[in-house]
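K.L.:
This is the structure I want to talk about, given as structure tokens.
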Amino acid sequence: MNEMNFLQNPVSDEEVEFLPILPDEDGADGKKLDIPDTLAILPLRNTILFPGVVLPITIGRDKSILAVKEAYKGHKLIGVLGQVDGSVEDPEFNDLFNIGTVAQIMRMIKMPDGSTTAIIQGRHRFITKELVSNEPFMRARIEPLQDILPVDDKEFEAAILSIKDLAAEIVKLNPQIPSEASIVLKNIANPVTLTHFISSNLNMPNAEKQKLLEVADMKERVRMVLESLNRELQMLQMKNDIQSKVKQDIDKQQRDYFLSQQLKTIQDELGMNGADKDVQRLKEKLAKLTLPAKAKEQVEKELEKLQRMNPAAAEYSVVLNYIDVILDLPWGIYTKDNFNIKNAKKVLDKDHHGIEKVKERVLEYLAVLKLKGDMKSPILCLVGPPGVGKTSLGQSIANSLGRKYVRIALGGLHDEAEIRGHRKTYIGAMPGRIIQSLKKAGSSNPVFILDEVDKIGADYKGDPSSALLEVLDPEQNHAFYDNYLELEYDLSKVLFIATANSLQTIQPALRDRMEIIPIEGYSVEEKQEIAKKHLLPKQTANHGLKPKQVSISDKVLEQLIEEYTKESGVRELDRQLASVMRNIAKKVAMGEKYSPVIKSEDLSKILGPEKFDKSIYTEENIPGVAVGLAWTPVGGDILFIEASLSKGNGQITLTGNLGNVMKESATTAVTFLKSNAQKLGINEELFNKVNVHLHFPEGAVPKDGPSAGITILTALASLFTQRKVKPYLAMTGEITLRGKVMPVGGIKEKILAAKRAGMKEIVMCERNQRDVQQINPAYIKNMKFHFVKTMDEVVELSLQKNRFKGAADFSVFLKDEKPKP
């Protein structure tokens, strides 16, 4: 092999591939090699150099270039050691094997691209004793190693002949090895050189080649080379057999599947067929489960189909995923309910303050389940303003029953397939959220929260609320059909709890399937208890504080609730408490002196000036202004109604972003006032001589509903009679043309809003008395309620007896204008 053949593919000390090498039995010059005690060290990254082997290398590292150049100037000998880890860029002495080969640098050539190529020949094995220096390159003290050759050993001679035969067979089978290699093998007489030549060309990791280099006993080295050659020969024979088998099976239509078929045949030969493993795994899984008859039949049918499929086929993964989903579902798996009703009550009371009606309903369900042993789960719907604990109540119910807990958020959902699933023929198909959640829970009777059921959308993709009709119907959900499964699944044991802020946007048919349980807002007293039991400990822990580092009295807590929050729930209260804790945490972290007791004056320093001033609701107003109570999805609120007169012809103007129902209430109030003017002491002619303007402040907020009827009539009666509405008085109720007062909803929220605003008296329909009786008397103490049947009673209770001292003189509106001359 001439020099150009070597240099066409030089071996880099960083990138080493198959070595086109020739042995050199007698050395470069035929003389005995004089090896010095100390040699420069050249690390090789991805190859092992054996004695007698000629190797061209491209040198890249600066230290390696210096070492080679230094050796080339002198005795041309250098110590070559392989790296233990080829990924190390700048190896230290400890990163190298301790046994290597003394190499003679035969030639150094400067390549056209500027790199340096050296041709080295392995001459003798050596072992390193110690590192002499590390700069500018590694230099080590070495000791040559001698090979131990057996004498007159027939077994050894036979092994050498076997090596030659096996090597010749490998050359024939492997098309990548040139046929000239067999001639070279026949001409190598020295057994040491033969083993070195073959070892350097074996297809094995460097670590195994290093082991061959380190063995001094030639008999043992020959045995190891024989094992490696046998292994390589078997692999080549198997590869050729596989290729011949695959070649026979391939036709024109199957040409695209060539590689996958080859892989499958390899797996068959090794007993590692992936498809068979999948089928076996699924069969074992099926045997452990108790599936309904139809589900089991479906799985067995799909398994038969899977066995016949090519793993490379697109449908293979679809069928595999489908079977996996069915087998992962908790068919017939139920958690055992905790029938300790007292313990369940204790858990519910611990986690949530108030909301007794919901707790009572859960305990009733548990009691019936305990007595009967089996019953369909109720479908509950918790309706209330944000922040009152509807969602977290689901977790508490699950804990009290000892069941698993799952939750799906329905807000903004607008695809029916999210509930029922997609048909498995579609790409990326999956089961619906109901089935996915049951799979995640691992149980067929979890507590299932359907959060924000009133905020489901609907578009061209379908109406998810209609899909929920089957889920939430106790008479149908024992056979819930998911499009992906194409099987029926029993949901009758699932305890579904839906949450909503308003019933108005829930589809009537869906609303009819649920047991509605209203959760009203919290009073100041309830909020104080919640803050003390839950919010304060939580925020103290969240901010890394200890209980003794912060203290808030009931009085300060009440002030914080009334002056810095205006809500039915406790989310804003939680945020304000977090602000207080952050302020304390900062002082603790900075080592500042502070009082752990939060006082009233500290609130304004930490939270700023008070955000809500209730004095505006309690001050005495001029005639024509009344205070009403309104219900909103976020709780109760106070509503001012202002009325004024101007000269005109009897027109009515309504402003304040009102809905149709509220406009009709205003028209009804004016009509009632006209028909009862004489009874109220109002001049009937006045209605035709003036224009009435009714305004509802906060015009940016939409308002609607009938409950402002008596407030509108009171404001108009106050205006026309010039008698003020009593201070600290609020009202709510619908009116009729006959002057009857009708009941309205949201009473608890409205009463709590009135109390927050400092109202002392409330006027409402007599039939709303039952709603007031459901409120804890402790929360409405010092408040007076007037239950009325007619508007006459409302006017009598609401208006002061005497006219306003600065009452307007309406006679000017009754005088006819004189015609201008």
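In the structure tokens, the first chain shown is A, the next is B, and so on; residue numbers restart at 1 for each chain, and ligands run from 1 in the order shown.
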Enumerate as a count of residues only all residues of segment 25-141 of chain A assigned to strand (DSSP E) by DSSP on the backbone, naming them with the chain letters and numbers the document uses.
P.N.:
52
K.L.:
Please give the complete set of residues from segment 105-344 of chain A that DSSP, run on the backbone, assigns to helix (DSSP H, G or I), formatted as a PyMOL selection string.
P.N.:
chain A and resi 154-173+180-186+191-201+206-214+218-249+255-270+274-288+293-308+314-328+341-344
K.L.:
Limited to C-alpha atoms, could you put the picked residues into a file as a short mmCIF file (atom, residue, chain, number, x, y, z; two decimals), in the first residue's frame?
P.N.:
```
data_model
loop_
_atom_site.label_atom_id
_atom_site.label_comp_id
_atom_site.auth_asym_id
_atom_site.auth_seq_id
_atom_site.Cartn_x
_atom_site.Cartn_y
_atom_site.Cartn_z
CA LYS A 154 -0.40 -27.98 19.52
CA GLU A 155 -3.65 -26.47 20.82
CA PHE A 156 -2.19 -22.97 20.35
CA GLU A 157 -1.11 -23.75 16.81
CA ALA A 158 -4.58 -25.12 16.01
CA ALA A 159 -6.15 -21.94 17.40
CA ILE A 160 -3.95 -19.80 15.13
CA LEU A 161 -5.09 -21.82 12.11
CA SER A 162 -8.73 -21.41 13.22
CA ILE A 163 -8.23 -17.66 13.46
CA LYS A 164 -6.93 -17.56 9.87
CA ASP A 165 -9.86 -19.65 8.62
CA LEU A 166 -12.46 -17.58 10.43
CA ALA A 167 -10.86 -14.33 9.28
CA ALA A 168 -10.84 -15.57 5.67
CA GLU A 169 -14.54 -16.53 5.97
CA ILE A 170 -15.39 -13.06 7.32
CA VAL A 171 -13.52 -11.43 4.42
CA LYS A 172 -15.70 -13.45 2.01
CA LEU A 173 -18.99 -12.58 3.74
CA GLU A 180 -6.75 -8.60 -0.84
CA ALA A 181 -7.01 -8.83 2.94
CA SER A 182 -7.21 -12.64 2.75
CA ILE A 183 -3.85 -12.73 0.92
CA VAL A 184 -2.28 -10.57 3.62
CA LEU A 185 -3.62 -12.93 6.31
CA LYS A 186 -2.09 -15.98 4.67
CA PRO A 191 1.16 -15.33 15.65
CA VAL A 192 1.70 -12.12 17.65
CA THR A 193 1.51 -9.96 14.53
CA LEU A 194 -1.51 -11.93 13.31
CA THR A 195 -3.50 -11.34 16.49
CA HIS A 196 -2.54 -7.66 16.53
CA PHE A 197 -3.58 -7.20 12.90
CA ILE A 198 -6.93 -8.94 13.40
CA SER A 199 -7.60 -7.25 16.76
CA SER A 200 -7.14 -3.79 15.22
CA ASN A 201 -9.72 -4.59 12.51
CA ASN A 206 -12.48 0.32 22.02
CA ALA A 207 -12.80 -0.91 25.60
CA GLU A 208 -12.79 -4.53 24.38
CA LYS A 209 -9.88 -3.86 22.03
CA GLN A 210 -7.98 -2.38 24.97
CA LYS A 211 -8.53 -5.63 26.89
CA LEU A 212 -6.91 -7.56 24.01
CA LEU A 213 -3.95 -5.18 24.05
CA GLU A 214 -3.48 -5.58 27.79
CA MET A 218 -0.73 -15.11 23.91
CA LYS A 219 -2.80 -18.23 24.51
CA GLU A 220 -5.46 -16.21 26.35
CA ARG A 221 -5.31 -13.43 23.72
CA VAL A 222 -5.83 -15.95 20.91
CA ARG A 223 -8.82 -17.41 22.77
CA MET A 224 -10.40 -13.92 23.11
CA VAL A 225 -9.78 -13.15 19.40
CA LEU A 226 -11.38 -16.48 18.45
CA GLU A 227 -14.51 -15.63 20.50
CA SER A 228 -14.79 -12.22 18.86
CA LEU A 229 -14.30 -13.66 15.36
CA ASN A 230 -16.95 -16.33 16.00
CA ARG A 231 -19.39 -13.70 17.23
CA GLU A 232 -18.76 -11.47 14.22
CA LEU A 233 -19.06 -14.39 11.82
CA GLN A 234 -22.43 -15.40 13.33
CA MET A 235 -23.74 -11.85 13.00
CA LEU A 236 -22.64 -11.68 9.35
CA GLN A 237 -24.22 -15.07 8.57
CA MET A 238 -27.46 -14.03 10.30
CA LYS A 239 -27.49 -10.73 8.46
CA ASN A 240 -27.02 -12.46 5.12
CA ASP A 241 -29.75 -15.00 5.98
CA ILE A 242 -32.15 -12.21 6.94
CA GLN A 243 -31.40 -10.29 3.77
CA SER A 244 -32.02 -13.36 1.63
CA LYS A 245 -35.33 -14.08 3.40
CA VAL A 246 -36.51 -10.51 3.07
CA LYS A 247 -35.46 -10.40 -0.59
CA GLN A 248 -37.71 -13.37 -1.38
CA ASP A 249 -40.76 -11.72 0.25
CA ARG A 255 -40.71 -2.12 -1.84
CA ASP A 256 -41.59 0.88 0.36
CA TYR A 257 -41.72 -1.40 3.38
CA PHE A 258 -38.27 -2.88 2.85
CA LEU A 259 -36.61 -1.40 5.92
CA SER A 260 -39.49 -2.17 8.26
CA GLN A 261 -39.65 -5.78 6.98
CA GLN A 262 -35.94 -6.16 7.54
CA LEU A 263 -36.32 -4.89 11.09
CA LYS A 264 -39.23 -7.26 11.68
CA THR A 265 -37.19 -10.24 10.43
CA ILE A 266 -34.29 -9.26 12.71
CA GLN A 267 -36.71 -9.15 15.64
CA ASP A 268 -38.09 -12.58 14.65
CA GLU A 269 -34.58 -14.06 14.62
CA LEU A 270 -33.77 -12.57 18.02
CA GLY A 274 -42.42 -5.72 18.99
CA ALA A 275 -45.92 -6.44 17.71
CA ASP A 276 -46.03 -9.82 19.47
CA LYS A 277 -44.90 -8.14 22.67
CA ASP A 278 -47.68 -5.55 22.39
CA VAL A 279 -50.32 -8.23 21.81
CA GLN A 280 -48.99 -10.36 24.65
CA ARG A 281 -48.96 -7.37 27.03
CA LEU A 282 -52.55 -6.48 26.14
CA LYS A 283 -53.74 -10.07 26.53
CA GLU A 284 -52.17 -10.29 29.99
CA LYS A 285 -53.81 -7.00 30.92
CA LEU A 286 -57.21 -8.21 29.64
CA ALA A 287 -56.93 -11.42 31.68
CA LYS A 288 -56.57 -9.44 34.91
CA ALA A 293 -69.30 -8.83 27.96
CA LYS A 294 -69.57 -6.33 25.09
CA ALA A 295 -66.35 -4.55 26.03
CA LYS A 296 -64.45 -7.85 26.31
CA GLU A 297 -65.79 -9.02 22.96
CA GLN A 298 -64.75 -5.72 21.35
CA VAL A 299 -61.20 -5.90 22.81
CA GLU A 300 -60.71 -9.52 21.67
CA LYS A 301 -61.88 -8.59 18.18
CA GLU A 302 -59.45 -5.65 18.01
CA LEU A 303 -56.60 -7.84 19.35
CA GLU A 304 -57.13 -10.33 16.52
CA LYS A 305 -56.99 -7.46 14.05
CA LEU A 306 -53.82 -6.13 15.69
CA GLN A 307 -52.04 -9.49 15.38
CA ARG A 308 -52.59 -9.55 11.62
CA ALA A 314 -50.71 3.67 9.92
CA GLU A 315 -53.73 1.92 11.48
CA TYR A 316 -51.56 -0.18 13.81
CA SER A 317 -51.00 2.64 16.32
CA VAL A 318 -54.70 3.63 16.12
CA VAL A 319 -55.88 0.13 17.09
CA LEU A 320 -53.14 -0.20 19.73
CA ASN A 321 -54.11 3.11 21.38
CA TYR A 322 -57.81 2.21 21.24
CA ILE A 323 -57.28 -1.09 23.07
CA ASP A 324 -54.98 0.61 25.60
CA VAL A 325 -57.67 3.20 26.41
CA ILE A 326 -60.36 0.56 26.95
CA LEU A 327 -58.11 -1.53 29.20
CA ASP A 328 -56.95 1.52 31.19
CA ILE A 341 -71.51 10.09 58.92
CA LYS A 342 -70.22 11.88 62.00
CA ASN A 343 -66.71 11.86 60.59
CA ALA A 344 -68.01 13.10 57.22
#
```
K.L.:
Any idea what's packed within 12 Å of Arg582 of chain A, counting only C-alpha atoms, ignoring anything in its chain fewer than 3 positions away? Could you give it as a PyMOL selection string?
P.N.:
chain A and resi 539-545+550+575-579+585-589+606-607
K.L.:
With N, CA, C and O atoms retained, export the selected residues as an mmCIF file, in the first residue's frame.
P.N.:
```cif
data_model
loop_
_atom_site.group_PDB
_atom_site.id
_atom_site.type_symbol
_atom_site.label_atom_id
_atom_site.label_comp_id
_atom_site.auth_asym_id
_atom_site.auth_seq_id
_atom_site.Cartn_x
_atom_site.Cartn_y
_atom_site.Cartn_z
ATOM 1 N N GLN A 539 -52.325 32.134 54.717
ATOM 2 C CA GLN A 539 -51.437 33.213 54.277
ATOM 3 C C GLN A 539 -50.202 33.331 55.169
ATOM 4 O O GLN A 539 -49.120 33.675 54.694
ATOM 5 N N THR A 540 -50.358 33.048 56.457
ATOM 6 C CA THR A 540 -49.198 33.065 57.357
ATOM 7 C C THR A 540 -48.169 32.027 56.909
ATOM 8 O O THR A 540 -46.974 32.317 56.813
ATOM 9 N N ALA A 541 -48.650 30.825 56.600
ATOM 10 C CA ALA A 541 -47.739 29.761 56.153
ATOM 11 C C ALA A 541 -47.163 30.066 54.779
ATOM 12 O O ALA A 541 -45.977 29.837 54.527
ATOM 13 N N ASN A 542 -47.997 30.608 53.867
ATOM 14 C CA ASN A 542 -47.538 30.899 52.506
ATOM 15 C C ASN A 542 -46.423 31.935 52.483
ATOM 16 O O ASN A 542 -45.616 31.971 51.543
ATOM 17 N N HIS A 543 -46.388 32.823 53.486
ATOM 18 C CA HIS A 543 -45.391 33.893 53.500
ATOM 19 C C HIS A 543 -44.244 33.598 54.460
ATOM 20 O O HIS A 543 -43.457 34.498 54.794
ATOM 21 N N GLY A 544 -44.155 32.352 54.917
ATOM 22 C CA GLY A 544 -43.027 31.957 55.741
ATOM 23 C C GLY A 544 -43.025 32.557 57.132
ATOM 24 O O GLY A 544 -41.975 32.683 57.760
ATOM 25 N N LEU A 545 -44.202 32.945 57.605
ATOM 26 C CA LEU A 545 -44.290 33.549 58.939
ATOM 27 C C LEU A 545 -44.781 32.525 59.956
ATOM 28 O O LEU A 545 -45.442 31.536 59.598
ATOM 29 N N VAL A 550 -47.479 37.525 63.768
ATOM 30 C CA VAL A 550 -48.537 38.410 63.285
ATOM 31 C C VAL A 550 -49.841 38.070 63.992
ATOM 32 O O VAL A 550 -50.135 36.899 64.247
ATOM 33 N N ARG A 575 -56.814 38.268 49.242
ATOM 34 C CA ARG A 575 -55.750 39.082 48.632
ATOM 35 C C ARG A 575 -55.297 40.197 49.566
ATOM 36 O O ARG A 575 -54.102 40.512 49.641
ATOM 37 N N GLN A 576 -56.240 40.816 50.264
ATOM 38 C CA GLN A 576 -55.880 41.902 51.180
ATOM 39 C C GLN A 576 -55.066 41.356 52.366
ATOM 40 O O GLN A 576 -54.105 41.991 52.812
ATOM 41 N N LEU A 577 -55.447 40.189 52.860
ATOM 42 C CA LEU A 577 -54.672 39.571 53.939
ATOM 43 C C LEU A 577 -53.263 39.216 53.458
ATOM 44 O O LEU A 577 -52.293 39.337 54.209
ATOM 45 N N ALA A 578 -53.160 38.797 52.186
ATOM 46 C CA ALA A 578 -51.843 38.495 51.616
ATOM 47 C C ALA A 578 -50.976 39.756 51.575
ATOM 48 O O ALA A 578 -49.766 39.705 51.827
ATOM 49 N N SER A 579 -51.592 40.911 51.271
ATOM 50 C CA SER A 579 -50.850 42.182 51.257
ATOM 51 C C SER A 579 -50.315 42.503 52.652
ATOM 52 O O SER A 579 -49.177 42.956 52.809
ATOM 53 N N ALA A 585 -43.797 40.240 56.352
ATOM 54 C CA ALA A 585 -42.674 39.393 55.935
ATOM 55 C C ALA A 585 -41.463 40.240 55.551
ATOM 56 O O ALA A 585 -40.318 39.882 55.845
ATOM 57 N N LYS A 586 -41.700 41.362 54.897
ATOM 58 C CA LYS A 586 -40.597 42.249 54.505
ATOM 59 C C LYS A 586 -39.877 42.788 55.745
ATOM 60 O O LYS A 586 -38.647 42.817 55.807
ATOM 61 N N LYS A 587 -40.670 43.185 56.742
ATOM 62 C CA LYS A 587 -40.070 43.718 57.974
ATOM 63 C C LYS A 587 -39.264 42.646 58.708
ATOM 64 O O LYS A 587 -38.182 42.913 59.229
ATOM 65 N N VAL A 588 -39.807 41.426 58.731
ATOM 66 C CA VAL A 588 -39.094 40.326 59.401
ATOM 67 C C VAL A 588 -37.793 40.026 58.666
ATOM 68 O O VAL A 588 -36.734 39.842 59.274
ATOM 69 N N ALA A 589 -37.859 39.983 57.322
ATOM 70 C CA ALA A 589 -36.681 39.647 56.519
ATOM 71 C C ALA A 589 -35.588 40.705 56.651
ATOM 72 O O ALA A 589 -34.396 40.388 56.626
ATOM 73 N N ILE A 606 -50.643 50.118 55.281
ATOM 74 C CA ILE A 606 -50.310 48.929 54.478
ATOM 75 C C ILE A 606 -51.143 48.864 53.206
ATOM 76 O O ILE A 606 -50.618 48.622 52.117
ATOM 77 N N LEU A 607 -52.451 49.093 53.346
ATOM 78 C CA LEU A 607 -53.370 48.899 52.217
ATOM 79 C C LEU A 607 -53.799 50.200 51.549
ATOM 80 O O LEU A 607 -54.515 50.177 50.543
#
```
K.L.:
Interatomic distance between atom CA of Glu761 of chain A and atom CA of Leu639 of chain A?
P.N.:
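These atoms are spaced 15.1 Å apart.
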K.L.:
Rounded to one decimal, what separation in Å do you get between atom CA of Ile456 of chain A and atom CA of Gly384 of chain A?
P.N.:
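Between these atoms lies a distance of 16.7 Å.
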